[in-house]
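Here is work-v1.tsv, consisting of TSV, C-alpha atoms and all ligand atoms:
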```tsv
chain	number	residue	atom	x	y	z
A	1	MET	CA	-15.77	18.70	54.18
A	2	VAL	CA	-15.18	15.08	53.22
A	3	THR	CA	-18.47	13.17	53.18
A	4	GLY	CA	-17.00	9.70	52.75
A	5	ASN	CA	-13.64	8.00	52.84
A	6	THR	CA	-12.83	7.45	49.17
A	7	PRO	CA	-10.11	8.73	46.85
A	8	GLU	CA	-12.71	10.91	45.14
A	9	THR	CA	-13.76	12.71	48.31
A	10	TRP	CA	-10.11	13.32	49.25
A	11	ASP	CA	-9.60	14.61	45.68
A	12	ARG	CA	-12.19	17.28	46.47
A	13	MET	CA	-10.35	18.26	49.65
A	14	ALA	CA	-7.11	18.55	47.66
A	15	VAL	CA	-8.73	20.93	45.17
A	16	HIS	CA	-10.84	23.06	47.51
A	17	ALA	CA	-8.99	23.30	50.84
A	18	GLY	CA	-7.00	26.48	51.36
A	19	THR	CA	-4.27	25.01	53.56
A	20	SER	CA	-2.46	21.74	54.07
A	21	TRP	CA	-4.11	21.16	57.45
A	22	ASP	CA	-7.59	21.84	56.05
A	23	ALA	CA	-6.92	19.44	53.16
A	24	ALA	CA	-6.00	16.79	55.73
A	25	MET	CA	-9.04	17.67	57.90
A	26	TRP	CA	-6.86	18.51	60.90
A	27	GLY	CA	-8.84	21.63	61.70
A	28	ASN	CA	-5.85	23.80	62.54
A	29	GLU	CA	-2.16	24.14	61.81
A	30	ARG	CA	-1.12	23.46	65.38
A	31	SER	CA	-2.52	19.93	65.60
A	32	GLN	CA	-0.91	18.92	62.32
A	33	THR	CA	2.41	20.44	63.39
A	34	VAL	CA	2.36	18.86	66.87
A	35	ARG	CA	1.66	15.47	65.30
A	36	PHE	CA	4.55	15.86	62.85
A	37	LEU	CA	6.93	16.95	65.62
A	38	ALA	CA	5.93	13.93	67.73
A	39	ALA	CA	6.64	11.67	64.75
A	40	LEU	CA	10.06	13.28	64.23
A	41	HIS	CA	10.86	12.79	67.91
A	42	HIS	CA	10.37	9.02	67.53
A	43	LEU	CA	12.21	8.54	64.23
A	44	ASP	CA	15.95	8.06	64.42
A	45	LEU	CA	16.69	9.80	61.10
A	46	ARG	CA	20.15	9.65	59.55
A	47	GLY	CA	21.46	11.26	56.37
A	48	GLY	CA	20.71	9.05	53.36
A	49	ASP	CA	17.75	7.30	55.00
A	50	THR	CA	14.67	6.52	52.93
A	51	LEU	CA	11.20	7.33	54.27
A	52	LEU	CA	7.79	6.38	52.88
A	53	ASP	CA	4.81	8.55	53.94
A	54	VAL	CA	1.60	6.54	53.35
A	55	GLY	CA	-1.44	8.81	53.03
A	56	CYS	CA	0.82	11.84	52.63
A	57	GLY	CA	-1.94	14.35	51.82
A	58	THR	CA	-0.29	17.56	50.58
A	59	GLY	CA	3.12	16.26	51.70
A	60	ARG	CA	3.68	18.86	54.41
A	61	PHE	CA	5.48	16.31	56.61
A	62	SER	CA	8.35	16.45	54.11
A	63	GLU	CA	8.98	20.08	55.15
A	64	PHE	CA	9.99	18.84	58.61
A	65	LEU	CA	12.61	16.39	57.31
A	66	PRO	CA	16.25	17.10	56.51
A	67	GLU	CA	16.95	17.35	52.78
A	68	SER	CA	19.33	14.40	53.22
A	69	VAL	CA	16.39	12.08	53.95
A	70	ALA	CA	14.99	10.63	50.72
A	71	TYR	CA	11.25	11.19	51.16
A	72	THR	CA	8.54	9.44	49.10
A	73	GLY	CA	4.91	10.41	49.64
A	74	THR	CA	2.06	8.20	48.45
A	75	ASP	CA	-1.69	8.71	48.58
A	76	TRP	CA	-4.74	7.09	47.00
A	77	SER	CA	-5.99	10.56	45.95
A	78	LYS	CA	-4.39	11.55	42.64
A	79	LYS	CA	-5.25	15.20	43.23
A	80	MET	CA	-3.51	15.16	46.61
A	81	LEU	CA	-0.41	13.93	44.80
A	82	VAL	CA	-0.68	16.70	42.18
A	83	ARG	CA	-0.98	19.31	44.93
A	84	ALA	CA	1.84	17.73	46.96
A	85	GLU	CA	4.17	17.82	43.93
A	86	PHE	CA	3.27	21.44	43.23
A	87	GLU	CA	3.89	22.49	46.85
A	88	HIS	CA	7.06	20.37	47.30
A	89	PRO	CA	8.86	20.27	43.95
A	90	GLY	CA	12.06	18.80	45.42
A	91	ARG	CA	10.36	15.72	46.88
A	92	THR	CA	9.02	12.49	45.35
A	93	PHE	CA	5.31	11.61	45.22
A	94	ARG	CA	3.93	8.41	43.68
A	95	GLY	CA	0.56	6.74	43.30
A	96	GLU	CA	2.09	3.26	43.16
A	97	ILE	CA	4.50	2.25	45.90
A	98	PRO	CA	7.68	0.70	44.50
A	99	TRP	CA	8.39	-2.82	45.76
A	100	TRP	CA	11.32	-2.13	48.01
A	101	ARG	CA	11.93	-1.58	51.71
A	102	TYR	CA	12.24	1.85	53.28
A	103	ASP	CA	14.26	2.68	56.40
A	104	HIS	CA	11.14	4.33	57.80
A	105	VAL	CA	7.45	4.00	56.99
A	106	VAL	CA	4.94	6.48	58.45
A	107	ALA	CA	1.15	6.74	58.22
A	108	ILE	CA	-0.07	9.89	59.94
A	109	GLY	CA	-3.86	10.13	60.18
A	110	THR	CA	-4.29	7.94	57.11
A	111	PHE	CA	-6.74	5.54	58.76
A	112	ASN	CA	-8.76	8.02	60.83
A	113	LEU	CA	-12.02	8.10	58.89
A	114	GLU	CA	-14.95	5.72	59.34
A	115	GLY	CA	-14.74	2.57	57.27
A	116	ASN	CA	-11.32	1.64	58.63
A	117	THR	CA	-11.35	-1.34	61.01
A	118	THR	CA	-8.93	-3.08	63.36
A	119	THR	CA	-8.87	-6.06	60.98
A	120	GLN	CA	-7.80	-3.92	58.01
A	121	LEU	CA	-5.30	-1.95	60.05
A	122	GLN	CA	-3.79	-5.15	61.46
A	123	LEU	CA	-3.27	-6.48	57.93
A	124	TRP	CA	-1.70	-3.17	56.87
A	125	LEU	CA	0.64	-3.17	59.89
A	126	GLU	CA	1.68	-6.79	59.34
A	127	SER	CA	2.42	-6.36	55.64
A	128	PHE	CA	4.17	-2.99	55.87
A	129	TRP	CA	6.25	-4.06	58.89
A	130	LYS	CA	7.29	-7.38	57.37
A	131	LEU	CA	7.71	-6.38	53.72
A	132	ARG	CA	8.39	-2.64	53.51
A	133	THR	CA	10.19	-1.52	56.68
A	134	LYS	CA	13.90	-1.76	57.43
A	135	ARG	CA	14.08	0.15	60.74
A	136	SER	CA	10.95	1.93	61.96
A	137	LEU	CA	7.24	1.97	61.30
A	138	LEU	CA	5.14	4.78	62.78
A	139	LEU	CA	1.37	4.91	62.82
A	140	SER	CA	-0.65	7.87	64.12
A	141	VAL	CA	-4.38	7.34	64.71
A	142	LEU	CA	-7.23	8.82	66.73
A	143	ARG	CA	-7.77	7.28	70.16
A	144	VAL	CA	-10.92	9.31	70.92
A	145	GLY	CA	-13.97	9.05	68.68
A	146	ALA	CA	-15.17	11.99	66.57
A	147	GLU	CA	-17.94	12.41	64.00
A	148	ARG	CA	-17.35	10.23	60.92
A	149	CYS	CA	-14.02	9.07	62.37
A	150	VAL	CA	-12.83	5.82	63.86
A	151	ALA	CA	-10.81	5.53	67.08
A	152	PHE	CA	-8.28	2.84	67.97
A	153	ALA	CA	-7.64	1.97	71.62
A	154	PRO	CA	-4.07	2.40	72.87
A	155	SER	CA	-4.37	-1.11	74.39
A	156	TRP	CA	-5.05	-2.49	70.90
A	157	LEU	CA	-2.05	-0.60	69.51
A	158	ALA	CA	0.10	-2.06	72.30
A	159	GLN	CA	-1.17	-5.53	71.41
A	160	MET	CA	-0.06	-4.95	67.81
A	161	GLY	CA	3.33	-3.81	69.07
A	162	GLU	CA	3.69	-6.96	71.22
A	163	GLU	CA	2.83	-9.19	68.27
A	164	LEU	CA	4.99	-7.52	65.64
A	165	SER	CA	7.99	-6.13	67.48
A	166	PRO	CA	7.96	-7.41	71.09
A	167	ARG	CA	11.51	-6.26	71.80
A	168	SER	CA	11.06	-2.66	70.64
A	169	PHE	CA	7.78	-0.81	70.39
A	170	LEU	CA	6.02	2.08	72.11
A	171	VAL	CA	2.61	3.72	72.21
A	172	ASP	CA	2.70	7.50	72.73
A	173	CYS	CA	-0.49	9.24	73.94
A	174	SER	CA	1.24	12.34	75.27
A	175	TYR	CA	1.38	14.81	72.38
A	176	LEU	CA	-2.36	15.50	71.69
A	177	PRO	CA	-5.47	14.59	73.70
A	178	ASN	CA	-7.18	12.67	70.88
A	179	ASP	CA	-4.24	10.92	69.24
A	180	ALA	CA	-2.08	7.85	69.73
A	181	MET	CA	1.13	6.87	67.97
A	182	LEU	CA	2.45	3.33	67.63
A	183	VAL	CA	6.16	3.05	66.85
A	184	LEU	CA	7.79	-0.26	65.94
A	185	LYS	CA	11.58	-0.53	65.64
A	186	ARG	CA	14.19	-3.10	64.70
B	201	LIG	C1	-6.12	12.85	57.53
B	201	LIG	S1	-5.30	12.98	55.96
B	201	LIG	C2	-3.60	13.02	56.53
B	201	LIG	C3	-2.62	13.59	55.53
B	201	LIG	C4	-1.20	13.73	56.03
B	201	LIG	N1	-0.66	12.47	56.48
B	201	LIG	C5	-1.14	14.78	57.12
B	201	LIG	O1	-1.01	14.40	58.29
B	201	LIG	O2	-1.25	15.96	56.81
B	201	LIG	C6	-5.46	11.32	55.31
B	201	LIG	C7	-4.81	11.13	53.95
B	201	LIG	O3	-4.71	9.72	53.74
B	201	LIG	C8	-5.17	9.40	52.43
B	201	LIG	N2	-5.68	8.01	52.51
B	201	LIG	C9	-6.75	7.56	53.21
B	201	LIG	N3	-6.86	6.23	53.09
B	201	LIG	C10	-5.84	5.83	52.29
B	201	LIG	C11	-5.44	4.56	51.79
B	201	LIG	N4	-6.10	3.44	52.10
B	201	LIG	N5	-4.35	4.51	50.98
B	201	LIG	C12	-3.68	5.64	50.67
B	201	LIG	N6	-4.01	6.87	51.11
B	201	LIG	C13	-5.09	6.97	51.92
B	201	LIG	C14	-6.22	10.45	52.11
B	201	LIG	O4	-6.38	10.61	50.71
B	201	LIG	C15	-5.63	11.70	52.79
B	201	LIG	O5	-4.79	12.43	51.93
```

Could I get this structure in the form of structure tokens?
Ligand SMILES: C[S@@+](CC[C@H](N)C(=O)[O-])C[C@H]1O[C@@H](n2cnc3c(N)ncnc32)[C@H](O)[C@@H]1O
Amino acid sequence: MVTGNTPETWDRMAVHAGTSWDAAMWGNERSQTVRFLAALHHLDLRGGDTLLDVGCGTGRFSEFLPESVAYTGTDWSKKMLVRAEFEHPGRTFRGEIPWWRYDHVVAIGTFNLEGNTTTQLQLWLESFWKLRTKRSLLLSVLRVGAERCVAFAPSWLAQMGEELSPRSFLVDCSYLPNDAMLVLKR
């Protein structure tokens, strides 16, 4: 188990966990899969689109995408990136994010562990929406507290949506009992 939220502790998960969902601390395959399918439902993917997966873990989300979508996974854990490259040799994984805009930016569970705050997440949303996203930004977080995790209220996510993309945003709480997904579109 991860005992803190640092690149080093996630490195240990990358090396020791048997499966992608264990490495990401999802507990079971179903919850990871349901989350990925909910994300796919909200992304309007077209052939040739670029997609950046922030906090990609072992990169399993890339398995759910058409080959025609140019996927880039990034993670602060170098060992997650090594494992992701090994498990998904046809996809791109990078420690540094290149300075360009992607059609879609997703962060699925990246900010779930304690230590993350609304202030930090607001700054992340503002910068990635304004500087890195062409069409859609999708954030999946916990909305119900759990041990060593942080929860974000759906009302706060809706407030972020109103501020950043008032004409097109949604908050989805329907796919899992503990999760919430904010989707911004332009
Ligand atoms: C709960 S796992 C989710 C992995 C993947 N998105 C999935 O759903 O299977 C969180 C991942 O985010 C990474 N992470 C956490 N905070 C990060 C940060 N500030 N920048 C980059 N990666 C981060 C961790 O190393 C870990 O691989």

Which chains and residue numbers are within 7 Å of ligand LIG 201 (chain B), counting only C-alpha atoms and all ligand atoms, if I want them as an NGL selection string?
:A and (5 or 7 or 10 or 20-21 or 24-26 or 32 or 54-61 or 74-77 or 80 or 107-112)

Residues within 12 Å of (6.9, 17.5, 56.5), file coords, all atoms listed in the file, listed as a PyMOL selection string
chain A and resi 20-21+32-40+51-53+56-67+69+71-73+84+87-88+91+106+108

Under the rule that all atoms listed in the file are counted, which of A:Cys149, A:Glu29, A:Met160, A:Ala23 is the nearest residue to A:Leu123?
A:Met160

Atom CA of A:Glu114 to atom CA of A:Arg148: how many Å, to one decimal?
5.3 Å

Nearest residue to A:Lys79 from the set A:Cys173, A:Val15, A:Ala153, A:Val183 (distances using all atoms listed in the file)
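Looking at the shortest contact to A:Lys79, the residue is A:Val15.
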
Atomic separation - atom CA of A:Val150 relative to atom CA of A:Gly18, Å
24.8 Å

May I ask which of the residues A:Leu164, A:Leu45, A:Val141, A:Met181 is the closest one to A:Leu113, counting all atoms listed in the file?
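Closest residue, counting all atoms listed in the file: A:Val141.
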
Which is closest to A:Thr118 among A:Trp100, A:Phe86, A:Phe93, A:Trp156, if we use only C-alpha atoms?
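Answer, going by the shortest atom-to-atom distance: A:Trp156.
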
Of the candidates A:Ala70, A:Pro89, A:Pro98, A:Gly115, which one gets nearest to A:Thr6 if we count all atoms listed in the file?
A:Gly115

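Residues in contact with A:Pro154 at 8 Å, where only C-alpha atoms are counted and same-chain residues fewer than 2 positions away are skipped, are listed as Arg143, Phe152, Trp156, Leu157, Ala158, Val171, Cys173 and Ala180 of chain A.
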
Can I get the selection written as a JSON list (two decimals), keeping the file's coordinate frame, with C-alpha atoms?
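After the write, selection_20.json holds the following:
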```json
[["chain", "number", "residue", "atom", "x", "y", "z"],
["A", 143, "ARG", "CA", -7.77, 7.28, 70.16],
["A", 152, "PHE", "CA", -8.28, 2.84, 67.97],
["A", 156, "TRP", "CA", -5.05, -2.49, 70.90],
["A", 157, "LEU", "CA", -2.05, -0.60, 69.51],
["A", 158, "ALA", "CA", 0.10, -2.06, 72.30],
["A", 171, "VAL", "CA", 2.61, 3.72, 72.21],
["A", 173, "CYS", "CA", -0.49, 9.24, 73.94],
["A", 180, "ALA", "CA", -2.08, 7.85, 69.73]]
```

Restricting to only C-alpha atoms, whichever of A:Arg30, A:Asp49, A:Glu163, A:Arg83 is closest to A:Asp11 is A:Arg83

Distance atom CA of A:Arg101-atom CA of A:Ser136, one decimal place?
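Result for atom CA of A:Arg101 versus atom CA of A:Ser136: 10.9 Å, one decimal.
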
Saved stretch 12-34 of chain A from the preceding structure, C-alpha atoms, as a PDB file, in the first residue's frame:
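The new file selection.pdb reads:
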```pdb
ATOM      1  CA  ARG A  12       6.857   1.265  -5.075  1.00  0.00           C
ATOM      2  CA  MET A  13       3.306   0.574  -6.238  1.00  0.00           C
ATOM      3  CA  ALA A  14       4.539   0.397  -9.838  1.00  0.00           C
ATOM      4  CA  VAL A  15       7.165  -2.201  -8.924  1.00  0.00           C
ATOM      5  CA  HIS A  16       5.189  -4.353  -6.475  1.00  0.00           C
ATOM      6  CA  ALA A  17       1.534  -4.299  -7.582  1.00  0.00           C
ATOM      7  CA  GLY A  18       0.407  -7.304  -9.588  1.00  0.00           C
ATOM      8  CA  THR A  19      -2.223  -5.547 -11.697  1.00  0.00           C
ATOM      9  CA  SER A  20      -2.891  -2.139 -13.178  1.00  0.00           C
ATOM     10  CA  TRP A  21      -5.804  -1.501 -10.807  1.00  0.00           C
ATOM     11  CA  ASP A  22      -3.748  -2.480  -7.747  1.00  0.00           C
ATOM     12  CA  ALA A  23      -0.923  -0.197  -8.896  1.00  0.00           C
ATOM     13  CA  ALA A  24      -3.449   2.641  -9.099  1.00  0.00           C
ATOM     14  CA  MET A  25      -4.981   1.666  -5.719  1.00  0.00           C
ATOM     15  CA  TRP A  26      -8.422   1.127  -7.247  1.00  0.00           C
ATOM     16  CA  GLY A  27      -8.984  -2.074  -5.313  1.00  0.00           C
ATOM     17  CA  ASN A  28     -10.568  -3.987  -8.166  1.00  0.00           C
ATOM     18  CA  GLU A  29     -10.657  -4.116 -11.943  1.00  0.00           C
ATOM     19  CA  ARG A  30     -14.319  -3.190 -12.155  1.00  0.00           C
ATOM     20  CA  SER A  31     -14.015   0.238 -10.546  1.00  0.00           C
ATOM     21  CA  GLN A  32     -11.087   1.187 -12.765  1.00  0.00           C
ATOM     22  CA  THR A  33     -12.926  -0.046 -15.855  1.00  0.00           C
ATOM     23  CA  VAL A  34     -16.210   1.695 -14.977  1.00  0.00           C
TER      24      VAL A  34
END
```
